[in-house]
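The file run.cif comes next; it holds mmCIF, C-alpha atoms.
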data_model
loop_
_atom_site.group_PDB
_atom_site.id
_atom_site.type_symbol
_atom_site.label_atom_id
_atom_site.label_comp_id
_atom_site.auth_asym_id
_atom_site.auth_seq_id
_atom_site.Cartn_x
_atom_site.Cartn_y
_atom_site.Cartn_z
ATOM 1 C CA MET A 24 0.000 0.000 0.000
ATOM 2 C CA LYS A 25 1.240 3.468 -0.939
ATOM 3 C CA VAL A 26 1.285 6.552 1.281
ATOM 4 C CA PHE A 27 -0.376 9.819 0.220
ATOM 5 C CA PHE A 28 -0.909 13.177 1.860
ATOM 6 C CA THR A 29 -4.163 14.004 0.069
ATOM 7 C CA PHE A 30 -7.123 12.021 -1.174
ATOM 8 C CA SER A 31 -6.918 13.701 -4.555
ATOM 9 C CA ASP A 32 -3.389 12.313 -4.973
ATOM 10 C CA ALA A 33 -4.639 8.866 -3.956
ATOM 11 C CA ALA A 34 -7.432 9.086 -6.539
ATOM 12 C CA ARG A 35 -4.980 9.982 -9.288
ATOM 13 C CA HIS A 36 -3.019 6.852 -8.441
ATOM 14 C CA SER A 37 -5.880 4.367 -8.147
ATOM 15 C CA ARG A 38 -9.659 4.373 -8.040
ATOM 16 C CA LYS A 39 -9.843 1.010 -6.302
ATOM 17 C CA GLY A 40 -7.687 -0.426 -3.542
ATOM 18 C CA GLY A 41 -5.979 0.332 -0.247
ATOM 19 C CA PHE A 42 -3.696 3.221 0.677
ATOM 20 C CA PHE A 43 -2.470 5.239 3.639
ATOM 21 C CA ILE A 44 -3.124 8.910 4.301
ATOM 22 C CA SER A 45 -0.346 10.455 6.369
ATOM 23 C CA TYR A 46 -1.585 12.954 8.931
ATOM 24 C CA ARG A 47 0.627 14.396 11.674
ATOM 25 C CA ASN A 48 3.039 11.465 11.446
ATOM 26 C CA VAL A 49 0.303 8.842 11.762
ATOM 27 C CA LEU A 50 -0.646 6.585 8.849
ATOM 28 C CA PHE A 51 -4.417 6.163 8.504
ATOM 29 C CA PRO A 52 -5.389 3.182 6.315
ATOM 30 C CA PHE A 53 -8.211 3.530 3.792
ATOM 31 C CA TRP A 54 -9.637 1.364 1.043
ATOM 32 C CA TRP A 55 -11.953 2.658 -1.632
ATOM 33 C CA ASN A 56 -13.796 1.868 -4.814
ATOM 34 C CA LEU A 57 -14.618 4.975 -6.833
ATOM 35 C CA THR A 58 -17.511 4.343 -9.197
ATOM 36 C CA GLY A 59 -18.301 7.875 -10.329
ATOM 37 C CA SER A 60 -21.568 7.895 -8.388
ATOM 38 C CA SER A 61 -22.568 11.045 -6.513
ATOM 39 C CA GLU A 62 -23.325 8.888 -3.440
ATOM 40 C CA TRP A 63 -20.767 7.668 -0.918
ATOM 41 C CA THR A 64 -20.903 4.852 1.646
ATOM 42 C CA LEU A 65 -18.271 4.898 4.389
ATOM 43 C CA PHE A 66 -17.536 1.934 6.671
ATOM 44 C CA THR A 67 -15.858 2.386 10.049
ATOM 45 C CA PRO A 68 -14.184 -0.655 11.634
ATOM 46 C CA GLY A 69 -15.407 -2.878 14.451
ATOM 47 C CA ARG A 70 -13.583 -5.656 16.291
ATOM 48 C CA PHE A 71 -10.773 -7.157 14.224
ATOM 49 C CA ASP A 72 -9.636 -10.781 14.053
ATOM 50 C CA ARG A 73 -5.933 -10.630 14.944
ATOM 51 C CA ALA A 74 -5.284 -13.926 13.194
ATOM 52 C CA LYS A 75 -5.542 -11.913 9.970
ATOM 53 C CA PRO A 76 -2.832 -9.614 8.576
ATOM 54 C CA VAL A 77 -3.251 -5.871 8.987
ATOM 55 C CA PRO A 78 -4.590 -3.659 7.649
ATOM 56 C CA ALA A 79 -7.822 -5.252 6.473
ATOM 57 C CA PHE A 80 -10.977 -3.434 5.503
ATOM 58 C CA GLN A 81 -14.313 -4.609 6.834
ATOM 59 C CA ARG A 82 -17.247 -4.693 4.403
ATOM 60 C CA SER A 83 -15.024 -3.639 1.488
ATOM 61 C CA SER A 84 -16.437 -6.627 -0.410
ATOM 62 C CA TYR A 85 -19.817 -4.872 -0.366
ATOM 63 C CA ALA A 86 -18.452 -2.598 -3.086
ATOM 64 C CA GLU A 87 -19.153 -5.372 -5.576
ATOM 65 C CA SER A 88 -22.876 -5.213 -4.761
ATOM 66 C CA ILE A 89 -23.662 -1.490 -4.534
ATOM 67 C CA ASP A 90 -23.384 1.364 -6.991
ATOM 68 C CA GLN A 91 -22.110 4.025 -4.606
ATOM 69 C CA ASN A 92 -18.506 4.941 -4.027
ATOM 70 C CA VAL A 93 -17.304 2.852 -1.077
ATOM 71 C CA VAL A 94 -14.683 3.806 1.518
ATOM 72 C CA SER A 95 -13.585 1.405 4.261
ATOM 73 C CA MET A 96 -11.276 2.383 7.110
ATOM 74 C CA PHE A 97 -8.884 0.613 9.472
ATOM 75 C CA ASP A 98 -7.920 1.840 12.938
ATOM 76 C CA PRO A 99 -4.185 2.687 13.222
ATOM 77 C CA MET A 100 -4.466 1.899 16.939
ATOM 78 C CA LEU A 101 -4.140 -1.753 15.970
ATOM 79 C CA PHE A 102 -0.626 -1.142 14.642
ATOM 80 C CA MET A 103 0.524 -0.405 18.196
ATOM 81 C CA ASN A 104 0.133 -3.908 19.599
ATOM 82 C CA ARG A 105 -0.916 -7.262 18.175
ATOM 83 C CA ASP A 106 -2.900 -8.154 21.314
ATOM 84 C CA ILE A 107 -5.638 -5.545 20.893
ATOM 85 C CA SER A 108 -8.577 -6.223 18.596
ATOM 86 C CA LEU A 109 -10.434 -2.954 19.230
ATOM 87 C CA GLY A 110 -9.001 0.533 19.489
ATOM 88 C CA TRP A 111 -12.003 2.830 18.906
ATOM 89 C CA TYR A 112 -9.520 5.408 17.481
ATOM 90 C CA VAL A 113 -8.860 6.595 21.065
ATOM 91 C CA GLY A 114 -5.329 7.706 20.206
ATOM 92 C CA ASN A 115 -2.954 8.490 23.058
ATOM 93 C CA ARG A 116 -2.231 11.063 25.766
ATOM 94 C CA SER A 117 -1.573 13.796 23.205
ATOM 95 C CA HIS A 118 -4.036 13.122 20.406
ATOM 96 C CA HIS A 119 -7.497 11.719 19.738
ATOM 97 C CA TYR A 120 -7.344 9.656 16.555
ATOM 98 C CA ALA A 121 -11.130 9.815 16.094
ATOM 99 C CA ASP A 122 -10.813 13.608 15.877
ATOM 100 C CA TRP A 123 -8.109 13.218 13.258
ATOM 101 C CA LEU A 124 -10.182 10.692 11.328
ATOM 102 C CA ALA A 125 -13.065 13.170 11.241
ATOM 103 C CA ILE A 126 -10.691 15.839 9.921
ATOM 104 C CA LEU A 127 -9.462 13.463 7.220
ATOM 105 C CA VAL A 128 -13.004 12.634 6.121
ATOM 106 C CA GLU A 129 -13.740 16.368 6.030
ATOM 107 C CA ARG A 130 -10.709 16.804 3.759
ATOM 108 C CA MET A 131 -11.804 13.903 1.575
ATOM 109 C CA ILE A 132 -15.227 15.513 1.168
ATOM 110 C CA SER A 133 -13.568 18.778 0.147
ATOM 111 C CA GLN A 134 -10.838 17.342 -2.087
ATOM 112 C CA MET A 135 -13.135 14.881 -3.864
ATOM 113 C CA LYS A 136 -15.917 17.500 -4.188
ATOM 114 C CA ILE A 137 -18.453 15.300 -2.389
ATOM 115 C CA ASP A 138 -21.963 16.472 -1.551
ATOM 116 C CA VAL A 139 -21.992 15.776 2.193
ATOM 117 C CA ASN A 140 -25.746 15.198 2.069
ATOM 118 C CA LYS A 141 -25.051 12.127 -0.068
ATOM 119 C CA VAL A 142 -22.718 10.518 2.464
ATOM 120 C CA VAL A 143 -23.860 7.532 4.542
ATOM 121 C CA ILE A 144 -21.630 6.185 7.307
ATOM 122 C CA TYR A 145 -22.303 2.567 8.259
ATOM 123 C CA ALA A 146 -21.039 1.140 11.542
ATOM 124 C CA SER A 147 -21.564 -1.731 13.914
ATOM 125 C CA SER A 148 -20.007 -2.695 17.250
ATOM 126 C CA GLY A 149 -16.704 -0.814 17.717
ATOM 127 C CA GLY A 150 -17.287 1.346 14.645
ATOM 128 C CA GLY A 151 -19.886 3.531 16.324
ATOM 129 C CA ILE A 152 -17.596 5.965 18.115
ATOM 130 C CA PRO A 153 -15.515 6.918 15.034
ATOM 131 C CA ALA A 154 -18.675 7.078 12.901
ATOM 132 C CA ILE A 155 -20.361 9.523 15.258
ATOM 133 C CA LYS A 156 -17.176 11.587 15.585
ATOM 134 C CA ILE A 157 -17.098 11.919 11.781
ATOM 135 C CA GLY A 158 -20.701 13.132 11.937
ATOM 136 C CA THR A 159 -19.902 15.827 14.496
ATOM 137 C CA ARG A 160 -17.452 17.449 12.090
ATOM 138 C CA ASN A 161 -19.291 16.889 8.811
ATOM 139 C CA ALA A 162 -22.721 18.506 8.923
ATOM 140 C CA GLY A 163 -25.344 16.769 6.828
ATOM 141 C CA THR A 164 -23.954 13.253 7.082
ATOM 142 C CA LYS A 165 -26.281 10.322 7.686
ATOM 143 C CA ILE A 166 -25.107 7.574 10.032
ATOM 144 C CA TYR A 167 -26.418 4.061 10.551
ATOM 145 C CA CYS A 168 -25.183 2.240 13.652
ATOM 146 C CA SER A 169 -26.161 -1.126 15.059
ATOM 147 C CA ASN A 170 -25.247 -2.728 18.389
ATOM 148 C CA ILE A 171 -22.435 -0.235 18.939
ATOM 149 C CA GLN A 172 -20.336 0.732 21.908
ATOM 150 C CA VAL A 173 -20.899 4.361 22.863
ATOM 151 C CA ASP A 174 -18.748 4.335 26.017
ATOM 152 C CA VAL A 175 -15.526 2.337 26.004
ATOM 153 C CA ARG A 176 -15.534 2.278 29.804
ATOM 154 C CA SER A 177 -18.716 0.207 29.697
ATOM 155 C CA TYR A 178 -17.245 -2.470 27.439
ATOM 156 C CA TYR A 179 -15.808 -5.815 28.555
ATOM 157 C CA LYS A 180 -13.100 -5.117 31.111
ATOM 158 C CA LYS A 181 -10.405 -7.383 29.645
ATOM 159 C CA THR A 182 -10.618 -5.739 26.209
ATOM 160 C CA PHE A 183 -10.805 -2.257 27.724
ATOM 161 C CA SER A 184 -7.793 -2.893 29.991
ATOM 162 C CA LYS A 185 -5.657 -4.154 27.095
ATOM 163 C CA MET A 186 -6.436 -1.041 25.083
ATOM 164 C CA ILE A 187 -5.673 1.276 28.024
ATOM 165 C CA ALA A 188 -2.274 -0.347 28.568
ATOM 166 C CA VAL A 189 -1.372 0.235 24.908
ATOM 167 C CA ALA A 190 -2.815 3.725 24.422
ATOM 168 C CA TYR A 191 -1.926 5.196 27.818
ATOM 169 C CA PRO A 192 1.109 3.269 29.138
ATOM 170 C CA GLY A 193 2.002 3.952 32.749
ATOM 171 C CA MET A 194 -1.446 5.287 33.641
ATOM 172 C CA ASP A 195 -4.026 3.405 35.683
ATOM 173 C CA GLU A 196 -7.578 3.018 34.425
ATOM 174 C CA LEU A 197 -9.096 5.491 36.882
ATOM 175 C CA GLU A 198 -6.644 8.199 35.833
ATOM 176 C CA VAL A 199 -7.342 7.532 32.158
ATOM 177 C CA THR A 200 -11.116 7.630 32.588
ATOM 178 C CA GLU A 201 -10.857 10.923 34.474
ATOM 179 C CA LYS A 202 -8.404 12.677 32.138
ATOM 180 C CA PHE A 203 -9.479 11.295 28.772
ATOM 181 C CA SER A 204 -13.223 10.759 29.057
ATOM 182 C CA SER A 205 -13.691 12.754 25.840
ATOM 183 C CA HIS A 206 -11.728 10.021 24.016
ATOM 184 C CA LEU A 207 -13.761 7.211 25.530
ATOM 185 C CA THR A 208 -17.415 8.101 25.105
ATOM 186 C CA CYS A 209 -19.584 9.617 22.381
ATOM 187 C CA ILE A 210 -22.770 9.814 24.451
ATOM 188 C CA ASP A 211 -22.770 13.610 24.575
ATOM 189 C CA TRP A 212 -21.196 14.370 21.185
ATOM 190 C CA ASP A 213 -23.395 16.731 19.218
ATOM 191 C CA GLY A 214 -23.502 18.011 15.664
ATOM 192 C CA ASP A 215 -25.655 18.508 12.583
ATOM 193 C CA PHE A 216 -25.841 14.823 11.709
ATOM 194 C CA SER A 217 -28.707 12.355 11.568
ATOM 195 C CA LEU A 218 -28.221 8.999 13.255
ATOM 196 C CA THR A 219 -30.259 5.847 12.820
ATOM 197 C CA TYR A 220 -29.347 3.783 15.882
ATOM 198 C CA ALA A 221 -30.517 0.155 15.759
ATOM 199 C CA GLN A 222 -30.256 -2.335 18.603
ATOM 200 C CA ASN A 223 -30.904 -6.074 18.617
ATOM 201 C CA LEU A 224 -32.951 -6.959 21.697
ATOM 202 C CA PHE A 225 -31.107 -10.291 21.778
ATOM 203 C CA ASP A 226 -27.868 -8.393 22.508
ATOM 204 C CA ASP A 227 -28.700 -7.496 26.092
ATOM 205 C CA PHE A 228 -25.171 -6.372 27.015
ATOM 206 C CA HIS A 229 -25.173 -3.567 24.464
ATOM 207 C CA LEU A 230 -28.844 -2.810 25.065
ATOM 208 C CA GLN A 231 -28.279 -2.139 28.763
ATOM 209 C CA ASN A 232 -24.772 -0.650 28.732
ATOM 210 C CA HIS A 233 -24.790 1.385 25.530
ATOM 211 C CA PHE A 234 -28.141 1.796 23.761
ATOM 212 C CA LYS A 235 -30.162 2.780 26.832
ATOM 213 C CA PRO A 236 -27.577 5.261 28.217
ATOM 214 C CA TYR A 237 -27.234 6.939 24.804
ATOM 215 C CA ARG A 238 -31.001 7.190 24.425
ATOM 216 C CA ASP A 239 -31.409 8.529 27.966
ATOM 217 C CA GLU A 240 -28.814 11.241 27.358
ATOM 218 C CA TYR A 241 -30.362 12.143 24.003
ATOM 219 C CA GLU A 242 -33.810 12.528 25.550
ATOM 220 C CA ARG A 243 -32.297 14.660 28.313
ATOM 221 C CA VAL A 244 -30.319 16.927 25.956
ATOM 222 C CA SER A 245 -30.961 16.284 22.268
ATOM 223 C CA GLY A 246 -28.956 19.226 20.908
ATOM 224 C CA ARG A 247 -28.599 19.509 17.129
ATOM 225 C CA ARG A 248 -28.233 15.805 16.370
ATOM 226 C CA LYS A 249 -31.282 13.950 15.113
ATOM 227 C CA VAL A 250 -31.516 10.345 16.285
ATOM 228 C CA ASP A 251 -34.015 7.691 15.237
ATOM 229 C CA PHE A 252 -33.907 4.794 17.698
ATOM 230 C CA LEU A 253 -34.824 1.371 16.317
ATOM 231 C CA VAL A 254 -35.005 -2.043 17.946
ATOM 232 C CA TYR A 255 -35.200 -5.426 16.286
ATOM 233 C CA ARG A 256 -35.252 -9.084 17.277
ATOM 234 C CA ASP A 257 -32.839 -11.585 15.756
ATOM 235 C CA GLU A 258 -31.726 -14.330 18.114
ATOM 236 C CA GLU A 259 -29.361 -15.945 15.623
ATOM 237 C CA SER A 260 -27.162 -12.878 15.069
ATOM 238 C CA GLY A 261 -27.188 -11.551 18.650
ATOM 239 C CA HIS A 262 -24.421 -8.948 18.785
ATOM 240 C CA GLY A 263 -23.137 -10.047 15.391
ATOM 241 C CA VAL A 264 -23.912 -8.632 11.994
ATOM 242 C CA LEU A 265 -27.056 -9.384 10.071
ATOM 243 C CA ASP A 266 -26.976 -11.231 6.782
ATOM 244 C CA LYS A 267 -25.104 -9.363 4.050
ATOM 245 C CA SER A 268 -28.256 -9.077 1.929
ATOM 246 C CA ILE A 269 -30.044 -7.296 4.787
ATOM 247 C CA GLU A 270 -27.123 -4.944 5.391
ATOM 248 C CA LEU A 271 -27.044 -4.047 1.709
ATOM 249 C CA GLU A 272 -30.769 -3.276 1.851
ATOM 250 C CA ILE A 273 -30.165 -1.030 4.851
ATOM 251 C CA ILE A 274 -27.443 0.872 2.995
ATOM 252 C CA ARG A 275 -29.742 1.449 0.031
ATOM 253 C CA ALA A 276 -32.521 2.589 2.366
ATOM 254 C CA MET A 277 -30.221 5.049 4.121
ATOM 255 C CA HIS A 278 -29.390 6.619 0.767
ATOM 256 C CA SER A 279 -32.957 6.656 -0.553
ATOM 257 C CA GLY A 280 -34.720 7.660 2.655
ATOM 258 C CA ALA A 281 -36.723 4.428 2.882
ATOM 259 C CA ASP A 282 -37.764 3.046 6.265
ATOM 260 C CA VAL A 283 -34.907 1.009 7.748
ATOM 261 C CA ALA A 284 -37.131 -0.460 10.463
ATOM 262 C CA ALA A 285 -39.117 -2.272 7.774
ATOM 263 C CA ILE A 286 -35.943 -4.108 6.723
ATOM 264 C CA LEU A 287 -34.813 -5.214 10.184
ATOM 265 C CA PRO A 288 -36.161 -8.513 11.597
ATOM 266 C CA SER A 289 -39.235 -7.532 13.643
ATOM 267 C CA GLY A 290 -37.902 -3.981 13.507
ATOM 268 C CA ARG A 291 -39.720 -0.981 14.938
ATOM 269 C CA HIS A 292 -39.145 2.654 15.800
ATOM 270 C CA LEU A 293 -39.097 3.713 19.438
ATOM 271 C CA ALA A 294 -41.216 6.722 20.295
ATOM 272 C CA ALA A 295 -39.819 9.307 22.694
ATOM 273 C CA SER A 296 -39.668 7.922 26.253
ATOM 274 C CA GLU A 297 -41.193 4.630 25.125
ATOM 275 C CA PRO A 298 -40.060 1.820 27.438
ATOM 276 C CA ILE A 299 -38.186 -1.034 25.819
#
Rewrite the structure of this file - the entire thing - as structure tokens.
Amino acid sequence: MKVFFTFSDAARHSRKGGFFISYRNVLFPFWWNLTGSSEWTLFTPGRFDRAKPVPAFQRSSYAESIDQNVVSMFDPMLFMNRDISLGWYVGNRSHHYADWLAILVERMISQMKIDVNKVVIYASSGGGIPAIKIGTRNAGTKIYCSNIQVDVRSYYKKTFSKMIAVAYPGMDELEVTEKFSSHLTCIDWDGDFSLTYAQNLFDDFHLQNHFKPYRDEYERVSGRRKVDFLVYRDEESGHGVLDKSIELEIIRAMHSGADVAAILPSGRHLAASEPI
């Protein structure tokens, strides 16, 4: 993979494939397929299988099935240590990589002359935090998230502790959570983005520890963000992804404005303050 400093340079080199964008001495991996469409689908990364070589780009194979331009991302946090499978773009003591990712997407939108209102960001699991951070900086973006983590501190302790040791060496977890809470949670991040937040009721861990707290905070202080909360029931997938054909339908619906709840298994919208 080649290294570029701008997306326009990357596009002149290749309209399909992986590359790095160098930003402030950090290499951010991207993969894209440029089709010439005016619509763009962006995928942020979830948990990664460390048995595979890095970088790898989740859902990049979907590019073969949809007409939009596709961009898939990989978290440079995972270059720091082979034992971590999730990094959430938390960065380190000095920098928040999710902030930098949002800046890079903003630059891509400018350099590639993209209509931000035709951008859909698709995320599941660990991809939610970077997806929402991108939305805070890029007004008009549409985000679809399912079964995501919204607060790293509320994730499984073993995974969280491994990440803390890599990102903030020499600091204990309490110190990190006090000093760098803005790197660890997106619950109160606001912006001119619209978020469709779907949760499988058969994924009780994320329902209780992430979906409900995010919804509670949104109903307390909604701000500028517009959030449509959906629930669905699919025992087979649990926290995992839905069938590829369903995910592709969701992507098309996000671009067209069709009802995503109608695609999800037993999906429905939650009214304000409606108990789950």
(request) Can you work out the spacing between atom CA of Asp138 of chain A and atom CA of Pro153 of chain A in Å, to one decimal? (result)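 That distance, rounded to one decimal, is 20.2 Å.
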What residues come out when you apply the PyMOL selection byres ((chain A and resi 293) around 9) to this file, written as a PDB file with C-alpha atoms, in the frame of the given file?
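Output saved as expr_3.pdb:
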ATOM      1  CA  ASP A 251     -34.015   7.691  15.237  1.00  0.00           C
ATOM      2  CA  PHE A 252     -33.907   4.794  17.698  1.00  0.00           C
ATOM      3  CA  LEU A 253     -34.824   1.371  16.317  1.00  0.00           C
ATOM      4  CA  VAL A 254     -35.005  -2.043  17.946  1.00  0.00           C
ATOM      5  CA  ARG A 291     -39.720  -0.981  14.938  1.00  0.00           C
ATOM      6  CA  HIS A 292     -39.145   2.654  15.800  1.00  0.00           C
ATOM      7  CA  ALA A 294     -41.216   6.722  20.295  1.00  0.00           C
ATOM      8  CA  ALA A 295     -39.819   9.307  22.694  1.00  0.00           C
ATOM      9  CA  SER A 296     -39.668   7.922  26.253  1.00  0.00           C
ATOM     10  CA  GLU A 297     -41.193   4.630  25.125  1.00  0.00           C
ATOM     11  CA  PRO A 298     -40.060   1.820  27.438  1.00  0.00           C
ATOM     12  CA  ILE A 299     -38.186  -1.034  25.819  1.00  0.00           C
TER      13      ILE A 299
END
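Residues lying within 8 Å of segment 98-105 of chain A, counting all atoms listed in the file and ignoring same-chain neighbours fewer than 6 positions away, are Val49, Leu50, Phe51, Pro52, Pro68, Arg73, Val77, Trp111, Tyr112, Val113, Gly114, Val189 and Ala190 of chain A.
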(request) List the neighbours of Tyr167 of chain A out to 6 Å using only C-alpha atoms; skip same-chain residues closer than 3 positions along the sequence, and give me the result as JSON, numbers by chain. (result) {"A": [145, 218, 219]}
(message) Expand the PyMOL selection byres ((chain A and resi 255) around 8) into the explicit residue set it covers here, and present it as a VMD selection string.
(response) chain A and resid 221 to 224 253 to 254 256 to 257 284 287 to 291
(message) Taking the file as I've supplied it (selection: the PyMOL selection byres ((chain A and resi 211) around 10)), which residues are included? Please answer as a list of chain:residue names.
(response) A:Val173, A:Ser205, A:Thr208, A:Cys209, A:Ile210, A:Trp212, A:Asp213, A:Gly214, A:Tyr237, A:Glu240, A:Tyr241, A:Val244, A:Ser245, A:Gly246
(message) So, with only C-alpha atoms as the atoms that count, which of A:Arg160, A:Lys165, A:Arg116, A:Arg47 lies closest to Ser279 of chain A?
(response) A:Lys165
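Relative to atom CA of Glu272 of chain A, atom CA of Phe43 of chain A is found at 29.6 Å.
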Around all the atoms of segment 72-83 of chain A listed in the file, with 3 Å of room on each side, what axis-aligned box do you get, giving centre and edge lengths in Å to one decimal, as AutoDock Vina command-line options?
--center_x -10.0 --center_y -8.7 --center_z 8.2 --size_x 20.4 --size_y 16.5 --size_z 19.5
(request) Could you check which of A:Asn115, A:Thr200, A:Ser61, A:Ser268 is closest to Phe183 of chain A, using all atoms listed in the file? (result)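 Nearest to Phe183 of chain A: A:Thr200.
Between Met131 of chain A and the residues A:Asn161, A:Ser177, A:Ser37, A:Asn48, the shortest atom-to-atom distance, using all atoms listed in the file, involves A:Asn161.
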(message) From the options A:Gln91, A:Ser169, A:Ser84, A:Gly151, which residue's atoms come nearest to Val283 of chain A, counting all atoms listed in the file?
(response)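 Distance minimum relative to Val283 of chain A lands on A:Ser169.
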(message) Measuring between all atoms listed in the file, which one of A:Ser88, A:Thr164, A:Ser108, A:Ser31 shows the shortest distance to Ile144 of chain A?
(response) A:Thr164
